Amino acid sequence: MFKDRIDAGIQLAEKLLPLKNEDVLVLAVPRGGLPLGAIIAKSLDAPLNIVFSKKIGHPSNREYAIGAVSMDYSVLGDVGGVSEEYIKEETARLRQKMKARYLQYYKNIRPQSLAGKTVVIVDDGIATGNTMLVTVALVSHQKPKKIIVAIPVAPSSAIRKLKGLPELEEVICLETPVIFKAVGQFYENFHQLSDAEAIRILEESN
């Protein structure tokens, strides 16, 4: 569906042009959301920041999300059979990791206040939607004027989950395929960005 993240970012930016005259802040989810976020921020003449959240993987299959955590909030989905101790330890581990990466990404630039702004949260796609749920919760506690999630691709189940959030103004998603296994299957080129690449994109946009 998309050549690469640049192609997806250009298509999303066109959908977001009506926000051009608003006080917008673009929040990209590292690392894959940064190439798209940079294009959208430039198109809207808006600053680009980042937002960290991580999925809590099932102990027998780390790719399967049973919840998600940010530095301040967490959300749990189907945790059948998973111990509270595992969730507690995994939450602490992920938060420690996020704190280190936050300091790394914001070494040379300063994060901006979200208060009173139209915040556009951007990623290269979502699968379960759990990580984005906790991201929206994190953002909403910082009192923005409104929150918009902009993504190229997601299953309809994840979109329904997001649209049920009262604090979310709008979800913009370009494609909702019926058969959805992973975000990468909808990109011709879906190389994994390094932290160095992502930080360079963030710093060049500020």
# chains A, B, ... in the order shown; residues from 1 in each chain; ligands from 1

call {"tool": "residues_around", "arguments": {"residues": "Glu170 in chain A", "least_positions_apart": "2", "cutoff": "9 Å", "atoms": "only C-alpha atoms", "output": "ChimeraX atom specification"}}
result
/A:146-150,162-163,168,172

call {"tool": "residues_around", "arguments": {"residues": "Leu19 in chain A", "least_positions_apart": "5", "cutoff": "9 Å", "atoms": "only C-alpha atoms", "output": "count of residues only"}}
result
3

call {"tool": "atom_distance", "arguments": {"atom1": "CA of Lys143 in chain A", "atom2": "CA of Glu14 in chain A"}}
result
26.3 Å

call {"tool": "residues_around", "arguments": {"residues": "Gln192 in chain A", "least_positions_apart": "2", "cutoff": "12 Å", "atoms": "only C-alpha atoms", "output": "list of chain:residue names"}}
result
A:Asp4, A:Arg5, A:Pro30, A:Arg31, A:Gly32, A:Gly33, A:Leu34, A:Pro35, A:Asp124, A:Gly184, A:Tyr187, A:Asn189, A:Phe190, A:Ser194, A:Asp195, A:Ala196, A:Glu197, A:Ala198

call {"tool": "closest_atom_pairs", "arguments": {"of": "range 89-139 of chain A", "to": "range 50-66 of chain A", "cutoff": "8 Å", "atoms": "only C-alpha atoms", "output": "Markdown table"}}
result
| residue | atom | partner | partner_atom | distance |
| --- | --- | --- | --- | --- |
| A:Glu90 | CA | A:Ile56 | CA | 6.9 |
| A:Thr91 | CA | A:Ile56 | CA | 7.2 |
| A:Leu94 | CA | A:Lys54 | CA | 6.9 |
| A:Met98 | CA | A:Phe52 | CA | 6.7 |
| A:Tyr102 | CA | A:Phe52 | CA | 7.5 |
| A:Thr128 | CA | A:Ala65 | CA | 7.2 |
| A:Asn130 | CA | A:Lys55 | CA | 7.2 |
| A:Thr131 | CA | A:Lys55 | CA | 5.5 |
| A:Met132 | CA | A:Ser53 | CA | 7.8 |
| A:Val134 | CA | A:Ser53 | CA | 7.1 |
| A:Thr135 | CA | A:Ser53 | CA | 6.1 |

call {"tool": "atom_distance", "arguments": {"atom1": "CA of Leu12 in chain A", "atom2": "CA of Leu174 in chain A"}}
result
7.3 Å

call {"tool": "select_by_dssp", "arguments": {"residues": "range 99-141 of chain A", "states": "alpha helix (DSSP H)", "output": "list in words"}}
result
Lys99, Ala100, Arg101, Tyr102, Leu103, Gln104, Tyr105, Asn130, Thr131, Met132, Leu133, Val134, Thr135, Val136, Ala137, Leu138, Val139 and Ser140 of chain A

call {"tool": "select_by_dssp", "arguments": {"residues": "range 108-140 of chain A", "states": "strand (DSSP E)", "output": "number ranges by chain"}}
result
A: 118-122

call {"tool": "closest_residue", "arguments": {"among": "A:Ala13, A:Val183, A:Leu114, A:Ile87", "to": "Ala68 in chain A", "atoms": "only C-alpha atoms"}}
result
A:Ile87

call {"tool": "closest_residue", "arguments": {"among": "A:Leu48, A:Ala8, A:Leu76, A:Leu25", "to": "Ile199 in chain A", "atoms": "only C-alpha atoms"}}
result
A:Leu48

call {"tool": "closest_residue", "arguments": {"among": "A:Ile6, A:Ala92, A:Leu133, A:Leu17", "to": "Pro152 in chain A", "atoms": "only C-alpha atoms"}}
result
A:Ile6

call {"tool": "atom_distance", "arguments": {"atom1": "CA of Glu169 in chain A", "atom2": "CA of Asp123 in chain A"}}
result
16.8 Å

call {"tool": "decode", "arguments": {"residues": "range 101-194 of chain A", "atoms": "C-alpha atoms", "output": "PDB file, in the first residue's frame"}}
result
ATOM      1  CA  ARG A 101      15.698   6.933  25.753  1.00  0.00           C
ATOM      2  CA  TYR A 102      13.770  10.115  26.633  1.00  0.00           C
ATOM      3  CA  LEU A 103      16.992  11.727  27.901  1.00  0.00           C
ATOM      4  CA  GLN A 104      18.792  10.503  24.775  1.00  0.00           C
ATOM      5  CA  TYR A 105      16.214  11.983  22.367  1.00  0.00           C
ATOM      6  CA  TYR A 106      15.879  15.278  24.221  1.00  0.00           C
ATOM      7  CA  LYS A 107      19.596  15.814  24.731  1.00  0.00           C
ATOM      8  CA  ASN A 108      19.807  18.787  22.343  1.00  0.00           C
ATOM      9  CA  ILE A 109      16.203  20.027  22.141  1.00  0.00           C
ATOM     10  CA  ARG A 110      13.539  20.906  24.669  1.00  0.00           C
ATOM     11  CA  PRO A 111      10.094  19.266  24.814  1.00  0.00           C
ATOM     12  CA  GLN A 112       7.209  21.680  24.363  1.00  0.00           C
ATOM     13  CA  SER A 113       4.108  22.100  26.480  1.00  0.00           C
ATOM     14  CA  LEU A 114       0.983  20.417  25.075  1.00  0.00           C
ATOM     15  CA  ALA A 115      -1.423  22.634  27.017  1.00  0.00           C
ATOM     16  CA  GLY A 116      -4.055  24.307  24.835  1.00  0.00           C
ATOM     17  CA  LYS A 117      -2.666  22.897  21.578  1.00  0.00           C
ATOM     18  CA  THR A 118      -4.036  20.665  18.851  1.00  0.00           C
ATOM     19  CA  VAL A 119      -1.862  17.587  19.326  1.00  0.00           C
ATOM     20  CA  VAL A 120      -1.426  15.195  16.404  1.00  0.00           C
ATOM     21  CA  ILE A 121      -0.046  11.799  17.480  1.00  0.00           C
ATOM     22  CA  VAL A 122       1.676  10.065  14.560  1.00  0.00           C
ATOM     23  CA  ASP A 123       2.962   6.523  14.090  1.00  0.00           C
ATOM     24  CA  ASP A 124       3.734   4.358  11.046  1.00  0.00           C
ATOM     25  CA  GLY A 125       0.795   2.069  11.876  1.00  0.00           C
ATOM     26  CA  ILE A 126      -0.838   0.295  14.794  1.00  0.00           C
ATOM     27  CA  ALA A 127      -1.745  -3.358  15.383  1.00  0.00           C
ATOM     28  CA  THR A 128      -3.711  -3.944  18.607  1.00  0.00           C
ATOM     29  CA  GLY A 129      -4.123  -0.265  19.489  1.00  0.00           C
ATOM     30  CA  ASN A 130      -3.127  -0.832  23.137  1.00  0.00           C
ATOM     31  CA  THR A 131       0.058   1.212  22.922  1.00  0.00           C
ATOM     32  CA  MET A 132      -1.813   4.101  21.312  1.00  0.00           C
ATOM     33  CA  LEU A 133      -4.491   3.923  24.038  1.00  0.00           C
ATOM     34  CA  VAL A 134      -1.928   4.614  26.739  1.00  0.00           C
ATOM     35  CA  THR A 135      -0.283   7.287  24.587  1.00  0.00           C
ATOM     36  CA  VAL A 136      -3.597   9.148  24.289  1.00  0.00           C
ATOM     37  CA  ALA A 137      -4.071   8.854  28.076  1.00  0.00           C
ATOM     38  CA  LEU A 138      -0.599  10.309  28.637  1.00  0.00           C
ATOM     39  CA  VAL A 139      -1.233  13.208  26.254  1.00  0.00           C
ATOM     40  CA  SER A 140      -4.715  14.011  27.588  1.00  0.00           C
ATOM     41  CA  HIS A 141      -3.355  14.566  31.109  1.00  0.00           C
ATOM     42  CA  GLN A 142      -1.305  17.460  29.735  1.00  0.00           C
ATOM     43  CA  LYS A 143      -4.480  19.407  28.852  1.00  0.00           C
ATOM     44  CA  PRO A 144      -4.260  19.895  25.059  1.00  0.00           C
ATOM     45  CA  LYS A 145      -7.111  21.623  23.244  1.00  0.00           C
ATOM     46  CA  LYS A 146      -7.744  18.446  21.249  1.00  0.00           C
ATOM     47  CA  ILE A 147      -6.028  15.199  20.293  1.00  0.00           C
ATOM     48  CA  ILE A 148      -5.930  13.665  16.825  1.00  0.00           C
ATOM     49  CA  VAL A 149      -4.349  10.290  15.996  1.00  0.00           C
ATOM     50  CA  ALA A 150      -2.953  10.054  12.455  1.00  0.00           C
ATOM     51  CA  ILE A 151      -1.765   6.704  11.117  1.00  0.00           C
ATOM     52  CA  PRO A 152      -1.413   5.166   7.653  1.00  0.00           C
ATOM     53  CA  VAL A 153      -2.724   1.692   8.478  1.00  0.00           C
ATOM     54  CA  ALA A 154      -4.485  -0.244  11.240  1.00  0.00           C
ATOM     55  CA  PRO A 155      -7.051  -3.033  11.642  1.00  0.00           C
ATOM     56  CA  SER A 156     -10.646  -1.848  12.067  1.00  0.00           C
ATOM     57  CA  SER A 157     -10.718  -3.401  15.574  1.00  0.00           C
ATOM     58  CA  ALA A 158      -7.952  -1.041  16.722  1.00  0.00           C
ATOM     59  CA  ILE A 159      -9.702   1.961  15.151  1.00  0.00           C
ATOM     60  CA  ARG A 160     -12.942   1.093  16.969  1.00  0.00           C
ATOM     61  CA  LYS A 161     -11.000   0.883  20.229  1.00  0.00           C
ATOM     62  CA  LEU A 162      -9.527   4.352  19.685  1.00  0.00           C
ATOM     63  CA  LYS A 163     -12.792   5.937  18.568  1.00  0.00           C
ATOM     64  CA  GLY A 164     -14.284   4.870  21.889  1.00  0.00           C
ATOM     65  CA  LEU A 165     -11.984   7.252  23.760  1.00  0.00           C
ATOM     66  CA  PRO A 166     -13.846  10.415  24.861  1.00  0.00           C
ATOM     67  CA  GLU A 167     -10.617  12.461  24.979  1.00  0.00           C
ATOM     68  CA  LEU A 168      -9.838  11.736  21.321  1.00  0.00           C
ATOM     69  CA  GLU A 169     -11.200  14.250  18.813  1.00  0.00           C
ATOM     70  CA  GLU A 170     -10.506  12.275  15.629  1.00  0.00           C
ATOM     71  CA  VAL A 171      -8.721   9.241  14.207  1.00  0.00           C
ATOM     72  CA  ILE A 172      -7.323   9.636  10.697  1.00  0.00           C
ATOM     73  CA  CYS A 173      -6.346   6.291   9.167  1.00  0.00           C
ATOM     74  CA  LEU A 174      -5.687   5.846   5.444  1.00  0.00           C
ATOM     75  CA  GLU A 175      -6.168   2.064   5.218  1.00  0.00           C
ATOM     76  CA  THR A 176      -7.960  -0.545   7.352  1.00  0.00           C
ATOM     77  CA  PRO A 177      -7.184  -3.926   5.716  1.00  0.00           C
ATOM     78  CA  VAL A 178      -9.381  -6.919   6.497  1.00  0.00           C
ATOM     79  CA  ILE A 179      -6.394  -9.272   6.842  1.00  0.00           C
ATOM     80  CA  PHE A 180      -3.875  -7.689   9.205  1.00  0.00           C
ATOM     81  CA  LYS A 181      -0.825  -9.519  10.534  1.00  0.00           C
ATOM     82  CA  ALA A 182       1.768  -6.786  11.054  1.00  0.00           C
ATOM     83  CA  VAL A 183       2.275  -3.133  10.126  1.00  0.00           C
ATOM     84  CA  GLY A 184       5.309  -3.949   7.983  1.00  0.00           C
ATOM     85  CA  GLN A 185       3.306  -6.031   5.503  1.00  0.00           C
ATOM     86  CA  PHE A 186       1.742  -2.820   4.124  1.00  0.00           C
ATOM     87  CA  TYR A 187       5.067  -1.183   3.216  1.00  0.00           C
ATOM     88  CA  GLU A 188       7.353  -2.075   0.323  1.00  0.00           C
ATOM     89  CA  ASN A 189      10.277  -0.721   2.351  1.00  0.00           C
ATOM     90  CA  PHE A 190       9.911  -0.978   6.135  1.00  0.00           C
ATOM     91  CA  HIS A 191      13.489  -0.872   7.396  1.00  0.00           C
ATOM     92  CA  GLN A 192      13.989  -0.530  11.141  1.00  0.00           C
ATOM     93  CA  LEU A 193      15.200   2.941  12.025  1.00  0.00           C
ATOM     94  CA  SER A 194      18.067   3.225  14.485  1.00  0.00           C
TER      95      SER A 194
END
